[in-house]
Each structure stands twice: as structure tokens, then as C-alpha cells.
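Dropping my_file.txt in here (compact mmCIF, C-alpha atoms and all ligand atoms):
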```txt
# COMPACT_ATOMS: atom_id res chain seq x y z
CA MET A 1 -6.33 3.64 12.26
CA THR A 2 -8.52 5.60 14.65
CA THR A 3 -12.20 4.99 14.24
CA VAL A 4 -14.26 8.13 13.78
CA GLU A 5 -17.99 7.90 14.37
CA ARG A 6 -20.39 9.89 12.23
CA PRO A 7 -24.12 10.27 12.88
CA GLY A 8 -26.03 8.03 10.51
CA ALA A 9 -22.92 6.15 9.34
CA VAL A 10 -23.22 2.39 9.14
CA ALA A 11 -21.45 0.91 12.15
CA ALA A 12 -18.55 -1.48 11.52
CA PRO A 13 -19.40 -5.04 12.48
CA ARG A 14 -18.14 -5.91 15.97
CA ASN A 15 -16.69 -9.24 15.06
CA LEU A 16 -14.42 -8.35 12.18
CA ASP A 17 -13.26 -11.97 11.75
CA ASP A 18 -16.63 -12.68 10.18
CA HIS A 19 -15.93 -10.07 7.53
CA LEU A 20 -12.75 -11.11 5.82
CA VAL A 21 -12.80 -8.98 2.69
CA LEU A 22 -9.58 -10.45 1.30
CA ASP A 23 -8.47 -14.00 1.93
CA VAL A 24 -5.49 -15.10 -0.15
CA ARG A 25 -3.59 -18.32 0.54
CA ASP A 26 -0.42 -19.53 -1.14
CA LEU A 27 -0.90 -17.37 -4.23
CA ARG A 28 1.45 -18.29 -7.08
CA MET A 29 1.93 -16.77 -10.50
CA ARG A 30 4.20 -17.91 -13.28
CA TYR A 31 4.75 -16.03 -16.54
CA GLY A 32 6.27 -18.57 -18.95
CA THR A 33 9.03 -20.16 -16.95
CA VAL A 34 9.42 -17.31 -14.47
CA ASP A 35 7.77 -17.45 -11.05
CA VAL A 36 6.76 -13.91 -10.08
CA LEU A 37 4.60 -14.81 -7.05
CA ASN A 38 5.88 -17.59 -4.82
CA GLY A 39 3.23 -18.30 -2.21
CA VAL A 40 1.70 -15.03 -1.01
CA ASP A 41 -0.74 -15.08 1.94
CA LEU A 42 -2.81 -11.97 2.54
CA THR A 43 -5.94 -11.18 4.54
CA ALA A 44 -7.83 -7.95 5.09
CA GLN A 45 -10.82 -7.12 7.22
CA ARG A 46 -13.51 -4.58 6.61
CA GLY A 47 -12.21 -1.00 6.86
CA GLU A 48 -8.57 -2.10 6.94
CA VAL A 49 -5.93 -0.25 4.92
CA ILE A 50 -3.09 -2.42 3.64
CA ALA A 51 -0.01 -0.99 1.94
CA LEU A 52 1.86 -3.27 -0.41
CA LEU A 53 5.47 -2.18 -0.75
CA GLY A 54 8.33 -3.60 -2.71
CA PRO A 55 10.91 -2.75 -5.36
CA ASN A 56 10.10 -2.60 -9.09
CA GLY A 57 9.11 -6.01 -10.37
CA ALA A 58 8.34 -7.42 -6.91
CA GLY A 59 4.88 -8.58 -8.00
CA LYS A 60 2.62 -5.88 -6.53
CA THR A 61 0.65 -5.08 -9.68
CA THR A 62 0.37 -8.77 -10.56
CA THR A 63 -1.12 -9.43 -7.10
CA ILE A 64 -3.64 -6.62 -7.50
CA GLU A 65 -4.57 -7.71 -11.01
CA ILE A 66 -5.30 -11.23 -9.76
CA LEU A 67 -7.46 -9.90 -6.92
CA GLU A 68 -9.39 -7.73 -9.39
CA GLY A 69 -10.07 -10.77 -11.57
CA PHE A 70 -8.03 -9.32 -14.41
CA ARG A 71 -5.51 -12.20 -14.33
CA LEU A 72 -5.88 -15.84 -13.41
CA PRO A 73 -3.29 -17.08 -10.90
CA SER A 74 -1.21 -20.19 -11.56
CA ALA A 75 -2.10 -21.64 -8.14
CA GLY A 76 -3.46 -20.76 -4.72
CA SER A 77 -6.77 -19.88 -3.17
CA VAL A 78 -8.17 -16.36 -3.61
CA ARG A 79 -11.36 -15.01 -2.05
CA VAL A 80 -12.32 -11.38 -2.60
CA LEU A 81 -15.51 -10.33 -0.82
CA GLY A 82 -16.13 -14.05 -0.40
CA VAL A 83 -15.88 -14.81 -4.14
CA ASP A 84 -13.18 -16.32 -6.33
CA PRO A 85 -12.39 -13.42 -8.72
CA ALA A 86 -12.33 -15.89 -11.62
CA ASN A 87 -16.10 -16.32 -11.05
CA GLY A 88 -16.96 -12.73 -10.10
CA ASP A 89 -20.19 -11.44 -11.67
CA GLU A 90 -21.28 -7.83 -12.34
CA ARG A 91 -22.69 -7.42 -8.83
CA TRP A 92 -19.36 -8.51 -7.35
CA ARG A 93 -17.45 -6.23 -9.72
CA ALA A 94 -19.65 -3.27 -8.75
CA GLN A 95 -18.39 -3.59 -5.17
CA LEU A 96 -14.78 -3.04 -6.25
CA GLY A 97 -13.05 0.22 -7.05
CA VAL A 98 -9.84 0.34 -9.02
CA VAL A 99 -7.35 3.15 -9.52
CA LEU A 100 -4.66 1.98 -11.91
CA GLN A 101 -1.20 3.43 -12.55
CA SER A 102 -1.88 4.31 -16.15
CA TRP A 103 -4.36 6.93 -17.23
CA ARG A 104 -7.17 5.75 -19.48
CA ASP A 105 -8.00 8.78 -21.53
CA HIS A 106 -11.45 10.31 -21.46
CA GLY A 107 -10.05 13.60 -22.76
CA ARG A 108 -13.15 14.97 -24.48
CA TRP A 109 -15.46 14.47 -21.50
CA ARG A 110 -16.10 17.15 -18.93
CA VAL A 111 -15.31 16.14 -15.37
CA ARG A 112 -18.86 16.23 -13.98
CA GLU A 113 -20.37 14.51 -17.03
CA LEU A 114 -17.82 11.73 -16.93
CA LEU A 115 -18.40 11.00 -13.24
CA SER A 116 -22.16 11.08 -13.60
CA HIS A 117 -22.02 8.82 -16.65
CA LEU A 118 -19.77 6.28 -14.92
CA GLY A 119 -21.84 6.56 -11.72
CA ASP A 120 -25.00 5.44 -13.56
CA TYR A 121 -23.50 1.98 -13.92
CA TYR A 122 -23.56 1.53 -10.13
CA ALA A 123 -27.13 2.69 -9.46
CA PRO A 124 -28.66 -0.82 -9.73
CA TYR A 125 -26.21 -2.02 -7.08
CA ALA A 126 -27.26 0.40 -4.33
CA THR A 127 -28.19 -1.34 -1.07
CA ASP A 128 -30.05 -0.29 2.09
CA GLN A 129 -26.69 0.54 3.65
CA ILE A 130 -24.80 1.92 0.67
CA GLN A 131 -26.11 4.64 -1.60
CA ARG A 132 -24.68 4.13 -5.11
CA PRO A 133 -23.37 6.03 -6.96
CA TRP A 134 -21.68 8.66 -4.80
CA PRO A 135 -23.57 11.93 -5.52
CA VAL A 136 -21.36 13.80 -8.00
CA ASP A 137 -21.15 17.12 -6.14
CA GLU A 138 -20.13 15.37 -2.91
CA LEU A 139 -17.61 13.29 -4.80
CA LEU A 140 -16.11 16.32 -6.54
CA ALA A 141 -15.71 18.01 -3.16
CA ALA A 142 -14.18 14.88 -1.61
CA VAL A 143 -11.44 14.71 -4.27
CA GLY A 144 -10.96 18.48 -4.51
CA LEU A 145 -12.25 18.92 -8.06
CA THR A 146 -15.27 21.15 -7.48
CA ALA A 147 -13.60 24.10 -9.17
CA HIS A 148 -12.89 21.96 -12.24
CA ALA A 149 -16.28 20.26 -12.53
CA GLY A 150 -16.97 21.89 -15.90
CA ALA A 151 -13.46 21.44 -17.31
CA ARG A 152 -12.60 19.10 -20.13
CA VAL A 153 -10.52 16.19 -18.89
CA SER A 154 -7.83 16.96 -21.50
CA ARG A 155 -7.33 20.39 -19.87
CA LEU A 156 -6.64 19.07 -16.37
CA SER A 157 -3.12 19.13 -14.94
CA GLY A 158 -1.41 15.82 -14.11
CA GLY A 159 -2.32 16.08 -10.43
CA GLN A 160 -5.93 17.02 -11.21
CA ARG A 161 -6.17 13.99 -13.52
CA ARG A 162 -4.87 11.82 -10.72
CA ARG A 163 -7.66 13.18 -8.49
CA LEU A 164 -10.11 12.33 -11.24
CA ASP A 165 -8.65 8.80 -11.41
CA VAL A 166 -9.40 8.47 -7.71
CA ALA A 167 -12.93 9.86 -8.21
CA VAL A 168 -13.54 7.31 -10.99
CA GLY A 169 -12.30 4.57 -8.65
CA ILE A 170 -14.68 5.49 -5.83
CA VAL A 171 -17.78 6.76 -7.68
CA GLY A 172 -19.49 3.40 -7.04
CA ARG A 173 -18.72 3.58 -3.28
CA PRO A 174 -16.67 0.39 -3.40
CA GLU A 175 -16.41 -1.94 -0.44
CA LEU A 176 -12.89 -2.81 -1.57
CA LEU A 177 -10.66 -0.24 -3.24
CA PHE A 178 -7.41 -1.00 -5.06
CA LEU A 179 -5.06 1.95 -5.46
CA ASP A 180 -1.95 1.37 -7.55
CA GLU A 181 0.55 4.12 -6.67
CA PRO A 182 -2.22 6.67 -6.15
CA THR A 183 -0.13 9.69 -5.18
CA VAL A 184 2.40 9.71 -8.02
CA GLY A 185 2.31 13.20 -9.54
CA LEU A 186 0.40 14.85 -6.70
CA ASP A 187 1.81 17.99 -5.10
CA PRO A 188 2.27 17.96 -1.29
CA ALA A 189 -1.10 19.64 -0.62
CA ALA A 190 -2.97 17.26 -2.92
CA ARG A 191 -1.12 14.34 -1.36
CA ARG A 192 -2.22 15.41 2.11
CA GLU A 193 -5.83 15.80 0.93
CA PHE A 194 -5.62 12.36 -0.62
CA HIS A 195 -4.39 10.92 2.69
CA GLU A 196 -7.36 12.50 4.44
CA LEU A 197 -9.67 10.96 1.84
CA VAL A 198 -8.19 7.51 2.46
CA HIS A 199 -8.73 7.92 6.22
CA ARG A 200 -12.27 9.07 5.60
CA LEU A 201 -13.09 6.14 3.30
CA ALA A 202 -11.67 3.63 5.76
CA ASP A 203 -12.96 5.13 8.99
CA LEU A 204 -16.37 6.44 7.97
CA ASP A 205 -17.40 4.22 5.08
CA HIS A 206 -15.45 1.16 6.30
CA THR A 207 -13.95 0.74 2.84
CA THR A 208 -11.16 -1.83 2.73
CA ILE A 209 -8.20 -0.40 0.82
CA LEU A 210 -5.23 -2.16 -0.73
CA LEU A 211 -2.70 0.33 -2.03
CA THR A 212 0.74 0.03 -3.54
CA THR A 213 3.34 2.68 -2.97
CA HIS A 214 7.09 3.19 -3.07
CA ASP A 215 6.84 5.76 -0.31
CA LEU A 216 7.43 4.21 3.08
CA ALA A 217 6.42 7.39 4.93
CA GLU A 218 3.10 7.31 3.08
CA ALA A 219 2.59 3.65 3.97
CA GLU A 220 3.34 4.42 7.63
CA LYS A 221 0.87 7.27 7.62
CA LEU A 222 -1.99 5.47 5.89
CA ALA A 223 -1.83 1.78 6.53
CA ASP A 224 -3.05 -0.45 9.34
CA SER A 225 -0.80 -3.10 7.92
CA ILE A 226 2.32 -2.93 5.72
CA VAL A 227 3.24 -5.90 3.54
CA ILE A 228 6.73 -5.91 1.99
CA LEU A 229 7.04 -7.99 -1.15
CA ALA A 230 10.32 -8.88 -2.86
CA ASN A 231 10.95 -11.52 -5.50
CA GLY A 232 7.30 -12.54 -5.31
CA ARG A 233 7.25 -13.38 -1.63
CA ILE A 234 6.40 -11.52 1.54
CA ILE A 235 9.61 -10.68 3.40
CA ALA A 236 8.05 -8.69 6.23
CA GLN A 237 4.57 -7.76 7.35
CA GLY A 238 2.92 -5.99 10.29
CA SER A 239 1.50 -2.73 11.54
CA PRO A 240 3.77 0.30 10.97
CA ASP A 241 4.53 0.23 14.67
CA GLN A 242 5.39 -3.47 14.75
CA LEU A 243 7.57 -3.12 11.67
CA SER A 244 9.40 -0.12 13.10
CA ARG A 245 10.16 -2.05 16.24
CA ARG A 246 11.21 -5.16 14.34
CA LEU A 247 13.27 -3.44 11.70
CA THR A 248 14.96 -0.56 13.45
CA THR A 249 16.96 -2.29 16.13
CA ASP A 250 20.26 -1.46 14.41
CA ALA A 251 22.18 1.75 15.01
CA GLU A 252 24.86 3.28 12.87
CA VAL A 253 27.95 4.60 14.67
CA ARG A 254 30.24 7.03 12.85
CA TRP A 255 33.50 8.44 14.10
CA THR A 256 36.96 9.50 13.04
CA CYS A 257 40.15 8.12 14.54
CA ASP A 258 43.51 9.67 13.66
CA GLY A 259 41.80 11.50 10.78
CA VAL A 260 40.25 8.33 9.28
CA ARG A 261 36.42 8.08 9.05
CA HIS A 262 34.70 4.90 10.25
CA VAL A 263 31.10 3.63 10.08
CA HIS A 264 29.79 0.58 11.93
CA ALA A 265 26.28 -0.89 12.18
CA THR A 266 25.44 -2.57 15.46
CA MET A 267 22.49 -3.85 17.44
CA ASP A 268 24.26 -2.95 20.69
CA ALA A 269 25.29 0.68 20.33
CA THR A 270 26.02 1.13 24.04
CA GLY A 271 28.32 -1.90 24.25
CA PHE A 272 30.07 -0.95 21.02
CA LEU A 273 30.70 2.62 22.24
CA ARG A 274 32.01 1.38 25.58
CA ASP A 275 34.57 -0.84 23.78
CA LEU A 276 35.43 1.82 21.21
CA LEU A 277 36.14 4.52 23.81
CA GLY A 278 37.87 1.99 26.07
CA ASP A 279 40.24 1.01 23.24
CA TYR A 280 40.85 4.37 21.60
CA GLY A 281 39.85 6.99 24.21
CA ASP A 282 40.49 10.58 23.09
CA ARG A 283 41.57 9.48 19.61
CA VAL A 284 37.84 8.97 18.84
CA GLN A 285 36.50 12.22 17.38
CA GLU A 286 33.28 13.43 15.67
CA LEU A 287 31.29 10.59 17.24
CA GLU A 288 27.73 10.19 15.96
CA VAL A 289 25.13 7.51 16.72
CA ARG A 290 22.09 7.27 14.48
CA ARG A 291 19.22 4.82 14.96
CA ALA A 292 18.36 3.24 11.59
CA ASN A 293 14.96 4.43 10.44
CA LEU A 294 12.29 2.29 8.81
CA GLU A 295 13.44 3.28 5.33
CA ASP A 296 17.06 2.24 6.01
CA ALA A 297 15.78 -1.07 7.33
CA TYR A 298 13.43 -1.58 4.38
CA LEU A 299 16.22 -0.93 1.87
CA ALA A 300 18.61 -3.25 3.72
CA LEU A 301 15.98 -5.99 3.86
CA VAL A 302 15.11 -5.74 0.17
CA HIS A 303 18.80 -5.59 -0.79
CA GLU A 304 19.43 -8.75 1.21
CA GLU A 305 16.51 -10.52 -0.48
CA GLU A 306 17.51 -9.44 -3.97
CA THR A 307 21.24 -10.08 -3.77
CA GLY A 308 21.15 -13.09 -1.49
CA ILE A 309 23.96 -11.43 0.53
CA ARG A 310 23.01 -12.05 4.14
CA THR A 311 23.65 -9.24 6.57
CA GLY A 312 21.33 -10.63 9.20
CA TRP A 313 18.35 -8.28 8.72
CA ALA A 314 15.93 -10.83 7.32
CA GLU A 315 16.89 -13.46 9.87
CA ARG A 316 16.24 -11.06 12.75
CA VAL A 317 12.92 -9.92 11.29
CA TRP A 318 11.67 -13.46 10.89
CA GLN A 319 12.87 -14.42 14.35
CA GLN A 320 10.98 -11.50 15.85
CA GLN A 321 7.88 -12.19 13.76
CA GLU A 322 7.82 -15.74 15.08
CA GLU A 323 8.22 -14.51 18.68
CA ASN A 324 5.21 -12.13 18.38
N1 LIG B 1 2.27 -9.94 -18.79
C1 LIG B 1 3.46 -10.30 -18.31
N2 LIG B 1 4.20 -11.25 -18.93
C2 LIG B 1 5.40 -11.63 -18.46
N3 LIG B 1 5.97 -11.10 -17.35
C3 LIG B 1 5.29 -10.15 -16.69
C4 LIG B 1 4.00 -9.69 -17.13
N4 LIG B 1 3.57 -8.74 -16.28
C5 LIG B 1 4.53 -8.60 -15.34
N5 LIG B 1 5.56 -9.44 -15.59
C6 LIG B 1 6.79 -9.60 -14.78
O1 LIG B 1 6.37 -9.98 -13.48
C7 LIG B 1 7.19 -9.38 -12.49
C8 LIG B 1 6.30 -8.63 -11.49
O2 LIG B 1 5.75 -7.49 -12.15
P1 LIG B 1 4.73 -6.48 -11.42
O3 LIG B 1 4.28 -5.51 -12.46
O4 LIG B 1 3.70 -7.27 -10.71
O5 LIG B 1 5.71 -5.79 -10.38
P2 LIG B 1 5.45 -4.51 -9.46
O6 LIG B 1 5.88 -4.90 -8.08
O7 LIG B 1 4.08 -3.99 -9.62
O8 LIG B 1 6.51 -3.49 -10.07
P3 LIG B 1 6.48 -1.85 -10.17
O9 LIG B 1 6.84 -1.34 -8.81
O10 LIG B 1 7.58 -1.59 -11.17
O11 LIG B 1 5.14 -1.42 -10.67
C9 LIG B 1 8.17 -8.49 -13.23
O12 LIG B 1 9.38 -9.19 -13.34
C10 LIG B 1 7.54 -8.29 -14.59
O13 LIG B 1 8.53 -8.14 -15.58
```

For the file at hand, write its structure as C-alpha cells.
Ligand SMILES: Nc1ncnc2c1ncn2[C@@H]1O[C@H](COP(=O)(O)OP(=O)(O)OP(=O)(O)O)[C@@H](O)[C@H]1O
Amino acid sequence: MTTVERPGAVAAPRNLDDHLVLDVRDLRMRYGTVDVLNGVDLTAQRGEVIALLGPNGAGKTTTIEILEGFRLPSAGSVRVLGVDPANGDERWRAQLGVVLQSWRDHGRWRVRELLSHLGDYYAPYATDQIQRPWPVDELLAAVGLTAHAGARVSRLSGGQRRRLDVAVGIVGRPELLFLDEPTVGLDPAARREFHELVHRLADLDHTTILLTTHDLAEAEKLADSIVILANGRIIAQGSPDQLSRRLTTDAEVRWTCDGVRHVHATMDATGFLRDLLGDYGDRVQELEVRRANLEDAYLALVHEEETGIRTGWAERVWQQQEEN
């Protein structure tokens, strides 16, 4: 993510290794007899945005709930802002912001009152560097709710409520923000504003953000690092750029021959085409070559992990990860 400087903003520390905000090693979680996390390793530095992707049931929410201190893991080492969440006190908790999937109803409150009431909790945890809570008018503007400041929460639309969820999550100016599917229900304009807010929080306030999403394009746009989880283990991880390069080496070739349609996936499109045209010449019609995009690759990778049917994607990804 590009770093944007702002007069008076607190500079990010130069040596980010000294500021590991998340440090998770070999995290395991078992519900009854079912293992839902099978050795997850995850680190995040200050100001880093990490997107956790994976199919339903992959273990994303469980991971976040453990990091928040809401669930105890079965095994592994977890450090969040230097503290084991199982022992996190109020001061530690005040440095976290959480936006959950489900709406906790505050229907009778008005928007401004609710944010100012919740903000009061954070006032004792202000520091020389971080003013807490976020002043309500600034916060309302940041999430695009100024026009609805006086509205009752029960009267907000779904998207406006989602903005309020985000406001509630950041009113304490968290150092670490968890966002569980934050853009579900937002219209395209609100989604874009939300993306700008995430960039602002990470670049200007150096907030570390861990978000879950099912939208690969969103992850590419927002995250410094994408982590793909399936069956409780990380099956691929890297910057959007690294992942694109690792995952999109395949091309799909489509053609018709004597009126019959064919599709073939190959890592060597040029060689395949040379052979195809050499063998069939003018009988090859409607030829199309399409480079697999990141979403195709993601779906193929997850499918391979879930079904156990090996098509070679995962093997290639791991090989390339080891080479890097
Ligand atoms: N309290 C619980 N008791 C037993 N099993 C649970 C519990 N919570 C979650 N699970 C199971 O753990 C697995 C991981 O669930 P989790 O909610 O972490 O997945 P997720 O990746 O967040 O999924 P989604 O994308 O659907 O939100 C699932 O198989 C789920 O059924």
C-alpha cells in the first residue's frame, strides 16, 4: 500500500520488524472431534492490511474470534499487540476494533448519541500519540453518515447500518482492526468510500487491519497481503502481485474442430497452439486463448483442497512459494 504522509501524523516506525502487531504460530482449533484450524501461522506489522479469504466454513471467523480473545484456541501460540488474548486486559481490549458480520441492535439510539456514548469508554485510553475517542463529527464524516447523525438507528438502511458498524468498530481509534465481511450490503459507491477509509486508516493512522472477504477483487484492491484459508489451513499467501504471478500461469485455450468445441488448460499456451495448428491446421476454428485470472486460480485451488482431486494447482503454488 502506498504510504501517504500527512502533516502532524505520527510517523510509522522505521524498523517494522520491531512492531509485530499479530504473531500467530501453529494455531489449532478443535470443536468436539472436528479440527477446524490445523496449524495456521500469521504475522502482521503495523499499518499492514491482511485479507483472509476462503470458502464458507474455512475457519476465518474462528481465527478472528481467537485473535479477539473471544475464543480460546486448542493449541498454538498467539500474540496480539504483544499479548496473549487469553490474558488481555481492558487497556489491551481498548486498542482493538471489531466489526462483526452480525448486527447488534441499538435501534432506539440516534447515530450521534450512540457513537458518543460508545466513544466515552475509550477516553481513559488516549495516549500522547493517539487521541481517543475519534471526535464524533470527524468520524461521521469519515464513514459518510453526517447526514444521518440525528437519525434513529432503526431507521437506517442496511448499507447505512453497515457504515455505522464500521464507525462503532473504529470510534476508539484502534491499533488493530478486525473487519468480518465489512462490505456485504454496501452499494458500489459506499463500497468505494469504505475502501478509501481502509486506505486512510492504514496509511495515515497506521492501523493494522485484518479483514475477511469473499470478494477477491476487493482483497486485491485493499490488502498488502492475501491469506487463503481452506479446511483450516493456509493454502496460499502473498501480496496480491505475488499471488497473481504464482496463480495465473495457466491459460485456457478454446477452439472448435469439425464443429466440435474443445477447451484445454495449459501452462504453455504457445507450445500447445503450435502443436494444435500443426496437427489440425485450417480445421481449427474460433480459436481463443484466455489467461486464467486470479479468481479462476483461487477457485481451482480451493476446489483442489476441498475435493482432494489434484489438478496440479496447489503443487505449483507451493513450489513457487518455496522458490521465492
Ligand atoms: N461454536 C462452534 N461449534 C462447533 N463448530 C463450529 C463452531 N463455530 C464454527 N464451527 C465450525 O467451524 C468451521 C469453521 O467455521 P468459521 O465460522 O470459522 O468459518 P468461516 O471461514 O468464517 O466461514 P464463513 O465464510 O461461512 O463465514 C465450520 O465448519 C463451522 O461449522

Write out as CSV the residues of chain A that have any atom within 9 Å of an atom of ligand LIG 1 (chain B), one row each with the nearest atom pair and its distance in Å to one decimal, counting only C-alpha atoms and all ligand atoms, sorted by chain and then rising number.
```
residue,atom,partner,partner_atom,distance
A:Met29,CA,B:LIG1,O1,8.6
A:Arg30,CA,B:LIG1,N3,8.1
A:Tyr31,CA,B:LIG1,C2,4.8
A:Gly32,CA,B:LIG1,C2,7.0
A:Val34,CA,B:LIG1,N3,7.7
A:Asp35,CA,B:LIG1,O1,8.0
A:Val36,CA,B:LIG1,C7,5.1
A:Leu37,CA,B:LIG1,C8,7.8
A:Leu52,CA,B:LIG1,O6,8.8
A:Leu53,CA,B:LIG1,O6,7.8
A:Gly54,CA,B:LIG1,O6,6.0
A:Pro55,CA,B:LIG1,O9,5.5
A:Asn56,CA,B:LIG1,O10,3.4
A:Gly57,CA,B:LIG1,O5,3.4
A:Ala58,CA,B:LIG1,O6,3.7
A:Gly59,CA,B:LIG1,O4,3.2
A:Lys60,CA,B:LIG1,O6,3.7
A:Thr61,CA,B:LIG1,O7,3.6
A:Thr62,CA,B:LIG1,O4,3.7
A:Thr63,CA,B:LIG1,O4,6.4
A:Ile64,CA,B:LIG1,O4,8.0
A:Glu65,CA,B:LIG1,O4,8.3
A:Gln101,CA,B:LIG1,O11,8.2
A:Asp180,CA,B:LIG1,O11,8.2
A:Glu181,CA,B:LIG1,O11,8.2
A:Thr212,CA,B:LIG1,O7,8.0
A:Thr213,CA,B:LIG1,O9,7.9
A:His214,CA,B:LIG1,O9,7.3
A:Leu229,CA,B:LIG1,O6,7.7
A:Ala230,CA,B:LIG1,O6,7.9
A:Asn231,CA,B:LIG1,C8,8.1
A:Gly232,CA,B:LIG1,C8,7.4
```

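Going from atom CA of Ala142 of chain A to atom CA of Val227 of chain A covers 27.6 Å.
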
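Across the structure, atom CA of Leu22 of chain A and atom CA of Ala297 of chain A are spaced 27.7 Å apart.
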
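Protein and nucleic acid residues near (-4.3, -21.9, -1.7) are Asp23, Val24, Arg25, Asp26, Leu27, Arg28, Gly39, Val40, Asp41, Ala75, Gly76, Ser77, Val78 and Arg79 of chain A, the criterion being any atom at most 10 Å away using only C-alpha atoms.
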
For the residues in the current selection, export C-alpha atoms as an mmCIF file, in the coordinates of the input.
```cif
data_model
loop_
_atom_site.group_PDB
_atom_site.id
_atom_site.type_symbol
_atom_site.label_atom_id
_atom_site.label_comp_id
_atom_site.auth_asym_id
_atom_site.auth_seq_id
_atom_site.Cartn_x
_atom_site.Cartn_y
_atom_site.Cartn_z
ATOM 1 C CA ASP A 23 -8.470 -14.000 1.930
ATOM 2 C CA VAL A 24 -5.490 -15.100 -0.150
ATOM 3 C CA ARG A 25 -3.590 -18.320 0.540
ATOM 4 C CA ASP A 26 -0.420 -19.530 -1.140
ATOM 5 C CA LEU A 27 -0.900 -17.370 -4.230
ATOM 6 C CA ARG A 28 1.450 -18.290 -7.080
ATOM 7 C CA GLY A 39 3.230 -18.300 -2.210
ATOM 8 C CA VAL A 40 1.700 -15.030 -1.010
ATOM 9 C CA ASP A 41 -0.740 -15.080 1.940
ATOM 10 C CA ALA A 75 -2.100 -21.640 -8.140
ATOM 11 C CA GLY A 76 -3.460 -20.760 -4.720
ATOM 12 C CA SER A 77 -6.770 -19.880 -3.170
ATOM 13 C CA VAL A 78 -8.170 -16.360 -3.610
ATOM 14 C CA ARG A 79 -11.360 -15.010 -2.050
#
```

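Each of A:Leu277, A:Val136, A:Leu176, A:Val260 was checked against Thr207 of chain A using all atoms listed in the file; the smallest atom-to-atom distance is that of A:Leu176.
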
If we count only C-alpha atoms and set the cut-off at 12 Å, which residues sit around Lys221 of chain A, ignoring sequence neighbours fewer than 5 positions away in its own chain? Please answer as a PyMOL selection string. chain A and resi 1-2+49-51+191-192+194-196+198-199+213+215-216+226+239-241

In Å, how far is it from atom CA of Arg132 of chain A to atom CA of Leu67 of chain A? 22.3 Å

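If you measure from each of A:Asp120, A:Asp84, A:Glu175, A:Asp224 to Val98 of chain A using only C-alpha atoms, the closest one turns out to be A:Glu175.
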
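Distance annotation: of A:Pro124, A:Cys257, A:Glu252, A:Leu156, the residue with the minimal separation from Gly107 of chain A is A:Leu156; atom set is all atoms listed in the file.
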
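Of the residues under consideration (A:Ala149, A:Ala236, A:Ala123, A:Leu179), A:Ala236 shows the shortest atom-to-atom contact distance to Val302 of chain A when counting only C-alpha atoms.
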
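The residue that comes closest to Leu243 of chain A, out of A:Val284, A:Leu222, A:Ile66, A:Leu294 and on the basis of all atoms listed in the file, is A:Leu294.
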
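Within the 8 Å cut-off around Arg152 of chain A, using only C-alpha atoms and omitting residues fewer than 3 positions from it on the same chain, the listed residues are Gly107, Arg108, Trp109, Arg110, Val111, Arg155 and Leu156 of chain A.
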